[in-house]
file final12.cif (mmCIF, C-alpha atoms and all ligand atoms)
data_my_file
#
loop_
_atom_site.group_PDB
_atom_site.id
_atom_site.type_symbol
_atom_site.label_atom_id
_atom_site.label_comp_id
_atom_site.auth_asym_id
_atom_site.auth_seq_id
_atom_site.Cartn_x
_atom_site.Cartn_y
_atom_site.Cartn_z
ATOM 1 C CA MET A 1 57.442 115.149 127.662
ATOM 2 C CA GLY A 2 56.262 118.699 127.106
ATOM 3 C CA PHE A 3 57.631 119.180 123.609
ATOM 4 C CA GLY A 4 54.297 120.388 122.324
ATOM 5 C CA GLU A 5 55.735 123.668 121.095
ATOM 6 C CA VAL A 6 58.407 122.096 118.941
ATOM 7 C CA PRO A 7 57.633 122.133 115.218
ATOM 8 C CA ASN A 8 57.968 118.920 113.241
ATOM 9 C CA ASN A 9 59.814 120.499 110.382
ATOM 10 C CA ILE A 10 62.930 122.487 110.505
ATOM 11 C CA ILE A 11 65.504 124.299 108.439
ATOM 12 C CA VAL A 12 68.801 122.785 109.508
ATOM 13 C CA GLY A 13 71.447 125.456 109.796
ATOM 14 C CA ASN A 14 68.913 128.239 110.247
ATOM 15 C CA LEU A 15 69.708 130.113 113.451
ATOM 16 C CA ARG A 16 66.074 130.666 114.323
ATOM 17 C CA SER A 17 65.447 126.943 114.344
ATOM 18 C CA ALA A 18 68.735 125.953 115.992
ATOM 19 C CA ALA A 19 67.031 125.852 119.388
ATOM 20 C CA TYR A 20 64.590 123.257 118.177
ATOM 21 C CA LEU A 21 67.015 121.115 116.248
ATOM 22 C CA ASP A 22 68.519 119.318 119.242
ATOM 23 C CA VAL A 23 65.092 118.555 120.631
ATOM 24 C CA MET A 24 63.908 117.225 117.288
ATOM 25 C CA VAL A 25 66.994 115.081 116.827
ATOM 26 C CA ASP A 26 66.608 113.769 120.398
ATOM 27 C CA ARG A 27 63.044 112.875 119.729
ATOM 28 C CA LEU A 28 63.909 111.161 116.442
ATOM 29 C CA VAL A 29 66.800 109.250 118.023
ATOM 30 C CA GLU A 30 64.423 108.039 120.734
ATOM 31 C CA ILE A 31 62.042 106.663 118.080
ATOM 32 C CA MET A 32 64.931 105.120 116.133
ATOM 33 C CA SER A 33 66.117 103.298 119.241
ATOM 34 C CA HIS A 34 62.732 101.568 119.515
ATOM 35 C CA SER A 35 62.517 100.723 115.817
ATOM 36 C CA ARG A 36 63.376 97.249 114.575
ATOM 37 C CA HIS A 37 62.945 97.704 110.846
ATOM 38 C CA CYS A 38 64.204 100.816 109.104
ATOM 39 C CA ALA A 39 63.453 101.461 105.431
ATOM 40 C CA ILE A 40 65.017 104.222 103.353
ATOM 41 C CA LEU A 41 64.184 105.692 99.969
ATOM 42 C CA THR A 42 66.853 107.745 98.228
ATOM 43 C CA GLY A 43 66.601 109.786 95.054
ATOM 44 C CA ALA A 44 68.469 112.088 92.701
ATOM 45 C CA GLY A 45 69.316 114.624 95.421
ATOM 46 C CA MET A 46 71.784 112.200 96.987
ATOM 47 C CA SER A 47 73.541 111.638 93.684
ATOM 48 C CA ALA A 48 73.610 115.368 92.987
ATOM 49 C CA GLU A 49 75.458 115.920 96.282
ATOM 50 C CA SER A 50 78.188 113.632 94.946
ATOM 51 C CA GLY A 51 78.281 115.616 91.718
ATOM 52 C CA VAL A 52 76.788 112.863 89.555
ATOM 53 C CA PRO A 53 76.281 114.565 86.211
ATOM 54 C CA THR A 54 72.827 114.574 84.719
ATOM 55 C CA PHE A 55 72.511 113.907 81.018
ATOM 56 C CA ARG A 56 70.713 117.196 80.669
ATOM 57 C CA GLY A 57 73.007 120.022 79.721
ATOM 58 C CA ALA A 58 75.483 117.602 78.179
ATOM 59 C CA ASP A 59 78.011 119.199 75.926
ATOM 60 C CA GLY A 60 79.758 118.077 72.800
ATOM 61 C CA LEU A 61 78.708 115.030 70.864
ATOM 62 C CA TRP A 62 75.674 114.162 72.966
ATOM 63 C CA GLN A 63 74.186 117.634 73.123
ATOM 64 C CA LYS A 64 71.772 117.011 70.288
ATOM 65 C CA PHE A 65 70.194 113.939 71.915
ATOM 66 C CA LYS A 66 67.524 113.765 74.573
ATOM 67 C CA ALA A 67 67.743 110.948 77.111
ATOM 68 C CA GLU A 68 64.303 109.791 76.020
ATOM 69 C CA GLU A 69 65.621 109.228 72.497
ATOM 70 C CA LEU A 70 68.441 106.906 73.553
ATOM 71 C CA ALA A 71 67.224 105.226 76.732
ATOM 72 C CA ASN A 72 64.568 103.053 75.175
ATOM 73 C CA MET A 73 64.297 99.630 73.574
ATOM 74 C CA ASP A 74 63.364 100.879 70.109
ATOM 75 C CA ALA A 75 66.477 103.039 69.945
ATOM 76 C CA PHE A 76 68.594 100.092 71.097
ATOM 77 C CA MET A 77 67.122 97.746 68.494
ATOM 78 C CA ALA A 78 67.528 100.351 65.758
ATOM 79 C CA ASN A 79 71.033 101.485 66.674
ATOM 80 C CA PRO A 80 72.652 99.496 69.499
ATOM 81 C CA LYS A 81 76.066 100.932 68.705
ATOM 82 C CA LEU A 82 74.885 104.510 69.296
ATOM 83 C CA VAL A 83 73.126 103.590 72.531
ATOM 84 C CA TRP A 84 76.219 101.781 73.831
ATOM 85 C CA GLU A 85 78.467 104.700 72.923
ATOM 86 C CA TRP A 86 76.183 106.932 74.959
ATOM 87 C CA TYR A 87 76.173 104.574 77.938
ATOM 88 C CA ASN A 88 79.951 104.182 77.841
ATOM 89 C CA TRP A 89 80.253 107.956 77.951
ATOM 90 C CA ARG A 90 77.869 108.133 80.905
ATOM 91 C CA ARG A 91 79.646 105.265 82.694
ATOM 92 C CA ASP A 92 82.894 107.061 82.248
ATOM 93 C CA LEU A 93 81.458 110.264 83.781
ATOM 94 C CA MET A 94 79.944 108.333 86.670
ATOM 95 C CA SER A 95 83.099 106.403 87.404
ATOM 96 C CA LYS A 96 84.678 109.708 88.427
ATOM 97 C CA VAL A 97 82.251 110.441 91.281
ATOM 98 C CA GLU A 98 82.428 109.120 94.829
ATOM 99 C CA PRO A 99 79.991 108.424 97.642
ATOM 100 C CA ASN A 100 79.363 111.489 99.823
ATOM 101 C CA PRO A 101 79.058 111.539 103.650
ATOM 102 C CA GLY A 102 75.323 110.835 103.283
ATOM 103 C CA HIS A 103 75.989 107.561 101.422
ATOM 104 C CA LEU A 104 78.567 106.573 104.038
ATOM 105 C CA ALA A 105 76.185 107.396 106.891
ATOM 106 C CA LEU A 106 73.504 105.148 105.368
ATOM 107 C CA ALA A 107 75.996 102.289 105.077
ATOM 108 C CA GLU A 108 76.717 102.723 108.776
ATOM 109 C CA MET A 109 73.041 102.954 109.625
ATOM 110 C CA GLU A 110 72.511 99.474 108.205
ATOM 111 C CA ASN A 111 74.270 98.051 111.283
ATOM 112 C CA LEU A 112 72.054 99.913 113.751
ATOM 113 C CA PHE A 113 68.776 98.114 113.056
ATOM 114 C CA GLU A 114 67.589 94.531 113.193
ATOM 115 C CA ARG A 115 66.244 94.903 109.660
ATOM 116 C CA PHE A 116 67.279 97.519 107.160
ATOM 117 C CA THR A 117 66.117 98.063 103.577
ATOM 118 C CA LEU A 118 67.650 100.675 101.339
ATOM 119 C CA ILE A 119 65.512 101.463 98.303
ATOM 120 C CA THR A 120 67.028 103.754 95.709
ATOM 121 C CA GLN A 121 65.931 105.402 92.491
ATOM 122 C CA ASN A 122 69.558 106.114 91.606
ATOM 123 C CA ILE A 123 71.449 104.052 89.052
ATOM 124 C CA ASP A 124 74.980 105.228 89.885
ATOM 125 C CA GLY A 125 75.845 102.375 92.273
ATOM 126 C CA LEU A 126 77.155 104.813 94.917
ATOM 127 C CA HIS A 127 75.318 103.019 97.749
ATOM 128 C CA HIS A 128 77.185 99.803 96.857
ATOM 129 C CA GLU A 129 80.420 101.696 96.731
ATOM 130 C CA ALA A 130 79.739 103.234 100.141
ATOM 131 C CA GLY A 131 79.334 99.741 101.615
ATOM 132 C CA SER A 132 75.553 99.325 101.854
ATOM 133 C CA ARG A 133 74.495 95.705 101.399
ATOM 134 C CA GLU A 134 70.690 95.401 101.363
ATOM 135 C CA ILE A 135 69.853 97.585 98.367
ATOM 136 C CA LEU A 136 66.812 97.530 96.131
ATOM 137 C CA GLU A 137 67.739 99.440 92.984
ATOM 138 C CA LEU A 138 64.369 100.362 91.491
ATOM 139 C CA HIS A 139 65.845 101.684 88.247
ATOM 140 C CA GLY A 140 68.775 99.289 87.904
ATOM 141 C CA ASN A 141 72.502 100.001 87.970
ATOM 142 C CA ILE A 142 74.374 101.639 85.127
ATOM 143 C CA HIS A 143 77.527 99.642 85.906
ATOM 144 C CA ARG A 144 75.773 96.318 85.335
ATOM 145 C CA ASN A 145 74.792 94.556 82.087
ATOM 146 C CA LYS A 146 71.962 92.237 81.224
ATOM 147 C CA CYS A 147 70.535 90.359 78.252
ATOM 148 C CA SER A 148 68.019 92.401 76.252
ATOM 149 C CA LYS A 149 66.020 89.248 75.517
ATOM 150 C CA CYS A 150 65.962 86.953 78.557
ATOM 151 C CA ASN A 151 66.936 89.629 81.151
ATOM 152 C CA ARG A 152 69.718 87.473 82.585
ATOM 153 C CA ILE A 153 72.039 89.690 84.608
ATOM 154 C CA LEU A 154 75.732 89.424 83.821
ATOM 155 C CA SER A 155 78.082 89.426 86.773
ATOM 156 C CA GLY A 156 81.111 91.636 87.097
ATOM 157 C CA ASP A 157 82.067 94.821 85.346
ATOM 158 C CA ILE A 158 81.993 94.079 81.662
ATOM 159 C CA GLU A 159 83.182 96.768 79.324
ATOM 160 C CA ILE A 160 81.279 96.797 76.094
ATOM 161 C CA ASP A 161 82.840 97.611 72.749
ATOM 162 C CA PRO A 162 80.015 99.295 70.795
ATOM 163 C CA ASP A 163 81.392 97.780 67.587
ATOM 164 C CA ARG A 164 81.297 94.246 68.985
ATOM 165 C CA ILE A 165 78.327 94.011 71.344
ATOM 166 C CA PRO A 166 78.391 90.565 72.931
ATOM 167 C CA ALA A 167 75.479 88.149 72.716
ATOM 168 C CA CYS A 168 73.876 86.364 75.666
ATOM 169 C CA GLU A 169 75.354 82.907 76.212
ATOM 170 C CA THR A 170 71.926 81.510 77.006
ATOM 171 C CA CYS A 171 69.668 82.933 74.315
ATOM 172 C CA GLY A 172 71.821 84.941 71.919
ATOM 173 C CA GLY A 173 70.126 88.249 72.785
ATOM 174 C CA ARG A 174 72.160 91.461 72.668
ATOM 175 C CA ILE A 175 73.727 92.644 75.917
ATOM 176 C CA ARG A 176 72.429 95.987 77.224
ATOM 177 C CA PRO A 177 72.907 98.079 80.361
ATOM 178 C CA ASP A 178 70.821 96.923 83.343
ATOM 179 C CA VAL A 179 68.804 100.111 83.764
ATOM 180 C CA VAL A 180 65.086 100.712 83.400
ATOM 181 C CA TRP A 181 64.436 102.475 80.117
ATOM 182 C CA PHE A 182 61.609 104.781 79.147
ATOM 183 C CA GLY A 183 58.469 102.759 78.529
ATOM 184 C CA GLU A 184 59.678 99.819 80.632
ATOM 185 C CA MET A 185 58.192 98.416 83.825
ATOM 186 C CA LEU A 186 60.227 98.242 87.014
ATOM 187 C CA ASP A 187 61.467 94.786 87.990
ATOM 188 C CA ASN A 188 58.616 93.030 89.708
ATOM 189 C CA ASP A 189 60.648 91.314 92.433
ATOM 190 C CA ILE A 190 62.465 94.503 93.343
ATOM 191 C CA LEU A 191 59.277 96.531 93.354
ATOM 192 C CA SER A 192 57.363 94.063 95.509
ATOM 193 C CA GLY A 193 60.336 93.894 97.883
ATOM 194 C CA ALA A 194 60.205 97.686 98.165
ATOM 195 C CA PHE A 195 56.472 97.669 98.857
ATOM 196 C CA ARG A 196 56.845 94.933 101.458
ATOM 197 C CA ALA A 197 59.647 96.778 103.246
ATOM 198 C CA SER A 198 57.634 100.006 103.238
ATOM 199 C CA GLU A 199 54.645 98.236 104.713
ATOM 200 C CA GLU A 200 56.650 96.486 107.408
ATOM 201 C CA ALA A 201 59.008 99.293 108.416
ATOM 202 C CA ASP A 202 58.711 100.962 111.825
ATOM 203 C CA ILE A 203 60.560 104.002 110.563
ATOM 204 C CA PHE A 204 60.915 105.253 106.990
ATOM 205 C CA PHE A 205 63.321 107.909 105.696
ATOM 206 C CA SER A 206 62.695 109.669 102.395
ATOM 207 C CA ILE A 207 65.967 111.288 101.370
ATOM 208 C CA GLY A 208 66.772 113.576 98.455
ATOM 209 C CA THR A 209 63.772 112.578 96.404
ATOM 210 C CA SER A 210 61.134 114.883 95.030
ATOM 211 C CA ALA A 211 58.445 112.330 95.920
ATOM 212 C CA VAL A 212 56.503 112.889 92.722
ATOM 213 C CA VAL A 213 57.463 109.968 90.458
ATOM 214 C CA HIS A 214 55.362 106.865 91.052
ATOM 215 C CA PRO A 215 55.646 104.108 92.053
ATOM 216 C CA ALA A 216 58.586 105.252 94.202
ATOM 217 C CA ALA A 217 56.571 108.188 95.526
ATOM 218 C CA SER A 218 53.915 105.876 96.940
ATOM 219 C CA LEU A 219 56.423 104.020 99.147
ATOM 220 C CA PRO A 220 56.705 106.667 101.899
ATOM 221 C CA MET A 221 52.928 107.110 101.901
ATOM 222 C CA MET A 222 52.442 103.371 102.215
ATOM 223 C CA ALA A 223 54.879 103.298 105.146
ATOM 224 C CA LYS A 224 53.080 106.136 106.852
ATOM 225 C CA GLN A 225 49.682 104.502 106.325
ATOM 226 C CA SER A 226 51.060 101.276 107.799
ATOM 227 C CA GLY A 227 52.028 103.112 110.963
ATOM 228 C CA ALA A 228 55.706 103.953 110.376
ATOM 229 C CA THR A 229 57.264 107.183 111.548
ATOM 230 C CA LEU A 230 57.979 109.130 108.358
ATOM 231 C CA VAL A 231 61.125 111.244 108.189
ATOM 232 C CA GLU A 232 61.981 113.463 105.245
ATOM 233 C CA ILE A 233 65.399 114.949 104.570
ATOM 234 C CA ASN A 234 65.520 117.266 101.585
ATOM 235 C CA PRO A 235 66.770 120.791 100.890
ATOM 236 C CA ASP A 236 63.438 121.508 99.183
ATOM 237 C CA ARG A 237 59.921 120.902 100.359
ATOM 238 C CA THR A 238 58.023 118.204 98.450
ATOM 239 C CA PRO A 239 54.443 116.919 98.284
ATOM 240 C CA LEU A 240 55.495 114.586 101.112
ATOM 241 C CA THR A 241 56.612 117.296 103.524
ATOM 242 C CA ASP A 242 53.234 117.962 105.125
ATOM 243 C CA LEU A 243 52.706 114.231 105.705
ATOM 244 C CA ALA A 244 56.087 113.684 107.332
ATOM 245 C CA ASP A 245 56.401 113.297 111.098
ATOM 246 C CA PHE A 246 59.831 114.910 110.825
ATOM 247 C CA TYR A 247 61.086 117.152 108.068
ATOM 248 C CA PHE A 248 64.679 118.350 107.984
ATOM 249 C CA GLU A 249 65.372 120.958 105.352
ATOM 250 C CA ALA A 250 68.914 119.810 104.757
ATOM 251 C CA ARG A 251 71.310 118.010 102.466
ATOM 252 C CA SER A 252 71.761 114.359 103.392
ATOM 253 C CA GLY A 253 75.546 114.676 103.505
ATOM 254 C CA GLU A 254 75.266 117.349 106.178
ATOM 255 C CA PHE A 255 72.463 115.962 108.261
ATOM 256 C CA LEU A 256 72.818 112.157 108.256
ATOM 257 C CA PRO A 257 76.311 112.002 109.819
ATOM 258 C CA GLU A 258 75.036 114.266 112.643
ATOM 259 C CA LEU A 259 72.014 112.054 113.177
ATOM 260 C CA ILE A 260 74.090 108.867 113.294
ATOM 261 C CA SER A 261 76.506 110.302 115.819
ATOM 262 C CA ALA A 262 73.609 111.519 118.007
ATOM 263 C CA TYR A 263 72.148 108.030 117.808
ATOM 264 C CA LYS A 264 75.412 106.323 118.707
ATOM 265 C CA GLU A 265 75.989 108.719 121.588
ATOM 266 C CA ARG A 266 72.655 107.771 122.989
ATOM 267 C CA LEU A 267 73.393 104.044 122.686
ATOM 268 C CA GLU A 268 76.743 104.504 124.399
ATOM 269 C CA SER A 269 75.316 106.529 127.261
ATOM 270 C CA ARG A 270 72.715 103.832 127.730
ATOM 271 C CA GLU A 271 75.279 101.053 127.819
ATOM 272 C CA ALA A 272 77.539 102.971 130.173
HETATM 273 ZN ZN ZN B 301 69.564 85.981 77.099
#

call {"tool": "encode", "arguments": {"input": "final12.cif", "output": "structure tokens"}}
result
Amino acid sequence: MGFGEVPNNIIVGNLRSAAYLDVMVDRLVEIMSHSRHCAILTGAGMSAESGVPTFRGADGLWQKFKAEELANMDAFMANPKLVWEWYNWRRDLMSKVEPNPGHLALAEMENLFERFTLITQNIDGLHHEAGSREILELHGNIHRNKCSKCNRILSGDIEIDPDRIPACETCGGRIRPDVVWFGEMLDNDILSGAFRASEEADIFFSIGTSAVVHPAASLPMMAKQSGATLVEINPDRTPLTDLADFYFEARSGEFLPELISAYKERLESREA
């Protein structure tokens, strides 16, 4: 098509690259329209755009603790009350944030493909809240509880009183938040689902993740090696950037809604 001069990475919003942006988006939309299975990996950048607070830089009571000291099984066994107080504080902070336009765009994108797998490293549940359905939460979900002994997941939002931590109805184990703690393995079913989706995807988007923490970081590489088109959207370059077929130096909340509307426009003009 004679697009040989167009770079495959671009700073969205930069005037010098504005001329290329439309061509790149056109090209990407063309590939999307021929893709049956789309897989997505999202990371901390997406949460940060919603203003999800990190536990670093916490003030007040929790200032003197490091996450590593509280988010682990030994700490929970030694002082479950303290760990639950910390998680209740974090839940409370997270309940105040909302999905951003990037989350909403991904929920919409789920309807545009025959198969769609959303893999996330985030524990804030914002993809659920935005309406996404097929979600593999690699690190769990801070709003969910499970048994610390048999791993049974409890349904519904259950508020925990740190002074009266409930016991599992099945085995009597203490109830804990359903997040992956330091020193713990990722859930095997979720992880193998993520690997399978990455292998089978025709197109793979890596969004707002620094692409350095394994095993999540190996998912985009696996997709690329299996022949998928690899798209990266991130305000900062990462170790993945040079491997990506498309790199958009942008925040997901700015870029994804534009991409979806370009895609829908194309579908409509085709149907017309
Ligand atoms: Zn149990």

call {"tool": "resolve_selection", "arguments": {"input": "final12.cif", "expression": "the PyMOL selection byres (((not hetatm)) within 7 of (chain B and resi 301))", "output": "list of chain:residue names"}}
result
A:Cys147, A:Ser148, A:Lys149, A:Cys150, A:Asn151, A:Arg152, A:Cys168, A:Glu169, A:Thr170, A:Cys171, A:Gly172, A:Gly173

call {"tool": "residues_around", "arguments": {"input": "final12.cif", "residues": "Gly51 in chain A", "least_positions_apart": "2", "cutoff": "12 Å", "atoms": "all atoms listed in the file", "output": "ChimeraX atom specification"}}
result
/A:44-49,53-54,93-100,124,126

call {"tool": "residues_around", "arguments": {"input": "final12.cif", "residues": "Thr229 in chain A", "least_positions_apart": "2", "cutoff": "9 Å", "atoms": "all atoms listed in the file", "output": "list in words"}}
result
Ile31, Ala201, Asp202, Ile203, Phe204, Phe205, Ala223, Lys224, Gly227, Val231, Ala244, Asp245 and Phe246 of chain A

call {"tool": "atom_distance", "arguments": {"input": "final12.cif", "atom1": "CA of Glu129 in chain A", "atom2": "CA of Ile233 in chain A"}}
result
21.5 Å

call {"tool": "residues_near_point", "arguments": {"input": "final12.cif", "point": "(55.5, 100.4, 103.5)", "cutoff": "7 Å", "atoms": "all atoms listed in the file", "output": "VMD selection string"}}
result
chain A and resid 195 to 201 219 to 220 222 to 223 226

call {"tool": "resolve_selection", "arguments": {"input": "final12.cif", "expression": "the PyMOL selection byres (((chain A and resi 108) around 10) and not hetatm)", "output": "list in words"}}
result
Gly102, His103, Leu104, Ala105, Leu106, Ala107, Met109, Glu110, Asn111, Leu112, Ala130, Gly131, Ser132, Pro257 and Ile260 of chain A

call {"tool": "atom_distance", "arguments": {"input": "final12.cif", "atom1": "CA of Ile119 in chain A", "atom2": "CA of Leu259 in chain A"}}
result
19.4 Å

call {"tool": "resolve_selection", "arguments": {"input": "final12.cif", "expression": "the PyMOL selection byres (((chain A and resi 42) around 8) and not hetatm)", "output": "compact mmCIF listing (two decimals) with C-alpha atoms, keeping the file's coordinate frame"}}
result
# COMPACT_ATOMS: atom_id res chain seq x y z
CA ILE A 40 65.02 104.22 103.35
CA LEU A 41 64.18 105.69 99.97
CA GLY A 43 66.60 109.79 95.05
CA ALA A 44 68.47 112.09 92.70
CA GLY A 45 69.32 114.62 95.42
CA MET A 46 71.78 112.20 96.99
CA LEU A 118 67.65 100.68 101.34
CA ILE A 119 65.51 101.46 98.30
CA THR A 120 67.03 103.75 95.71
CA GLN A 121 65.93 105.40 92.49
CA ASN A 122 69.56 106.11 91.61
CA SER A 206 62.70 109.67 102.40
CA ILE A 207 65.97 111.29 101.37
CA GLY A 208 66.77 113.58 98.46
CA THR A 209 63.77 112.58 96.40

call {"tool": "axis_aligned_box", "arguments": {"input": "final12.cif", "around": "range 80-97 of chain A", "padding_each_side": "5 Å", "output": "AutoDock Vina command-line options"}}
result
--center_x 78.7 --center_y 105.0 --center_z 80.0 --size_x 22.0 --size_y 20.9 --size_z 32.6

call {"tool": "residues_around", "arguments": {"input": "final12.cif", "residues": "Val180 in chain A", "least_positions_apart": "3", "cutoff": "8 Å", "atoms": "all atoms listed in the file", "output": "short mmCIF file (atom, residue, chain, number, x, y, z; two decimals) with C-alpha atoms, in the frame of the given file"}}
result
data_model
loop_
_atom_site.label_atom_id
_atom_site.label_comp_id
_atom_site.auth_asym_id
_atom_site.auth_seq_id
_atom_site.Cartn_x
_atom_site.Cartn_y
_atom_site.Cartn_z
CA HIS A 139 65.84 101.68 88.25
CA GLY A 140 68.78 99.29 87.90
CA GLU A 184 59.68 99.82 80.63
CA MET A 185 58.19 98.42 83.82
CA LEU A 186 60.23 98.24 87.01
#

call {"tool": "closest_residue", "arguments": {"input": "final12.cif", "among": "A:Ala217, A:Leu154, A:Leu70, A:Leu28", "to": "Asn141 in chain A", "atoms": "only C-alpha atoms"}}
result
A:Leu154

call {"tool": "residues_around", "arguments": {"input": "final12.cif", "residues": "Arg270 in chain A", "least_positions_apart": "5", "cutoff": "12 Å", "atoms": "all atoms listed in the file", "output": "list of chain:residue names"}}
result
A:Glu30, A:Ser33, A:Tyr263, A:Lys264, A:Glu265

call {"tool": "write_last_selection", "arguments": {"input": "final12.cif", "atoms": "C-alpha atoms", "output": "mmCIF file, in the frame of the given file"}}
result
data_model
loop_
_atom_site.group_PDB
_atom_site.id
_atom_site.type_symbol
_atom_site.label_atom_id
_atom_site.label_comp_id
_atom_site.auth_asym_id
_atom_site.auth_seq_id
_atom_site.Cartn_x
_atom_site.Cartn_y
_atom_site.Cartn_z
ATOM 1 C CA GLU A 30 64.423 108.039 120.734
ATOM 2 C CA SER A 33 66.117 103.298 119.241
ATOM 3 C CA TYR A 263 72.148 108.030 117.808
ATOM 4 C CA LYS A 264 75.412 106.323 118.707
ATOM 5 C CA GLU A 265 75.989 108.719 121.588
#

call {"tool": "atom_distance", "arguments": {"input": "final12.cif", "atom1": "CA of Thr241 in chain A", "atom2": "CA of Ser210 in chain A"}}
result
9.9 Å

call {"tool": "residues_around", "arguments": {"input": "final12.cif", "residues": "range 73-90 of chain A", "least_positions_apart": "5", "cutoff": "10 Å", "atoms": "all atoms listed in the file", "output": "PyMOL selection string"}}
result
chain A and resi 52-55+61-62+65+67-68+95+124+142-143+148+159-165+174-177+180-184

call {"tool": "closest_residue", "arguments": {"input": "final12.cif", "among": "A:Gly156, A:Asp187, A:Val29, A:Val23", "to": "Arg266 in chain A", "atoms": "all atoms listed in the file"}}
result
A:Val29

call {"tool": "closest_residue", "arguments": {"input": "final12.cif", "among": "A:Arg91, A:Ala71, A:Gly193, A:Ala262", "to": "Leu21 in chain A", "atoms": "all atoms listed in the file"}}
result
A:Ala262

call {"tool": "closest_residue", "arguments": {"input": "final12.cif", "among": "A:Leu138, A:Glu114, A:Lys146, A:Leu230", "to": "Asp189 in chain A", "atoms": "all atoms listed in the file"}}
result
A:Leu138

call {"tool": "closest_residue", "arguments": {"input": "final12.cif", "among": "A:Phe248, A:Leu256, A:Phe113, A:His127", "to": "His34 in chain A", "atoms": "all atoms listed in the file"}}
result
A:Phe113

call {"tool": "closest_residue", "arguments": {"input": "final12.cif", "among": "A:Ser269, A:Asn234, A:Ser218, A:Thr117", "to": "Glu254 in chain A", "atoms": "all atoms listed in the file"}}
result
A:Asn234
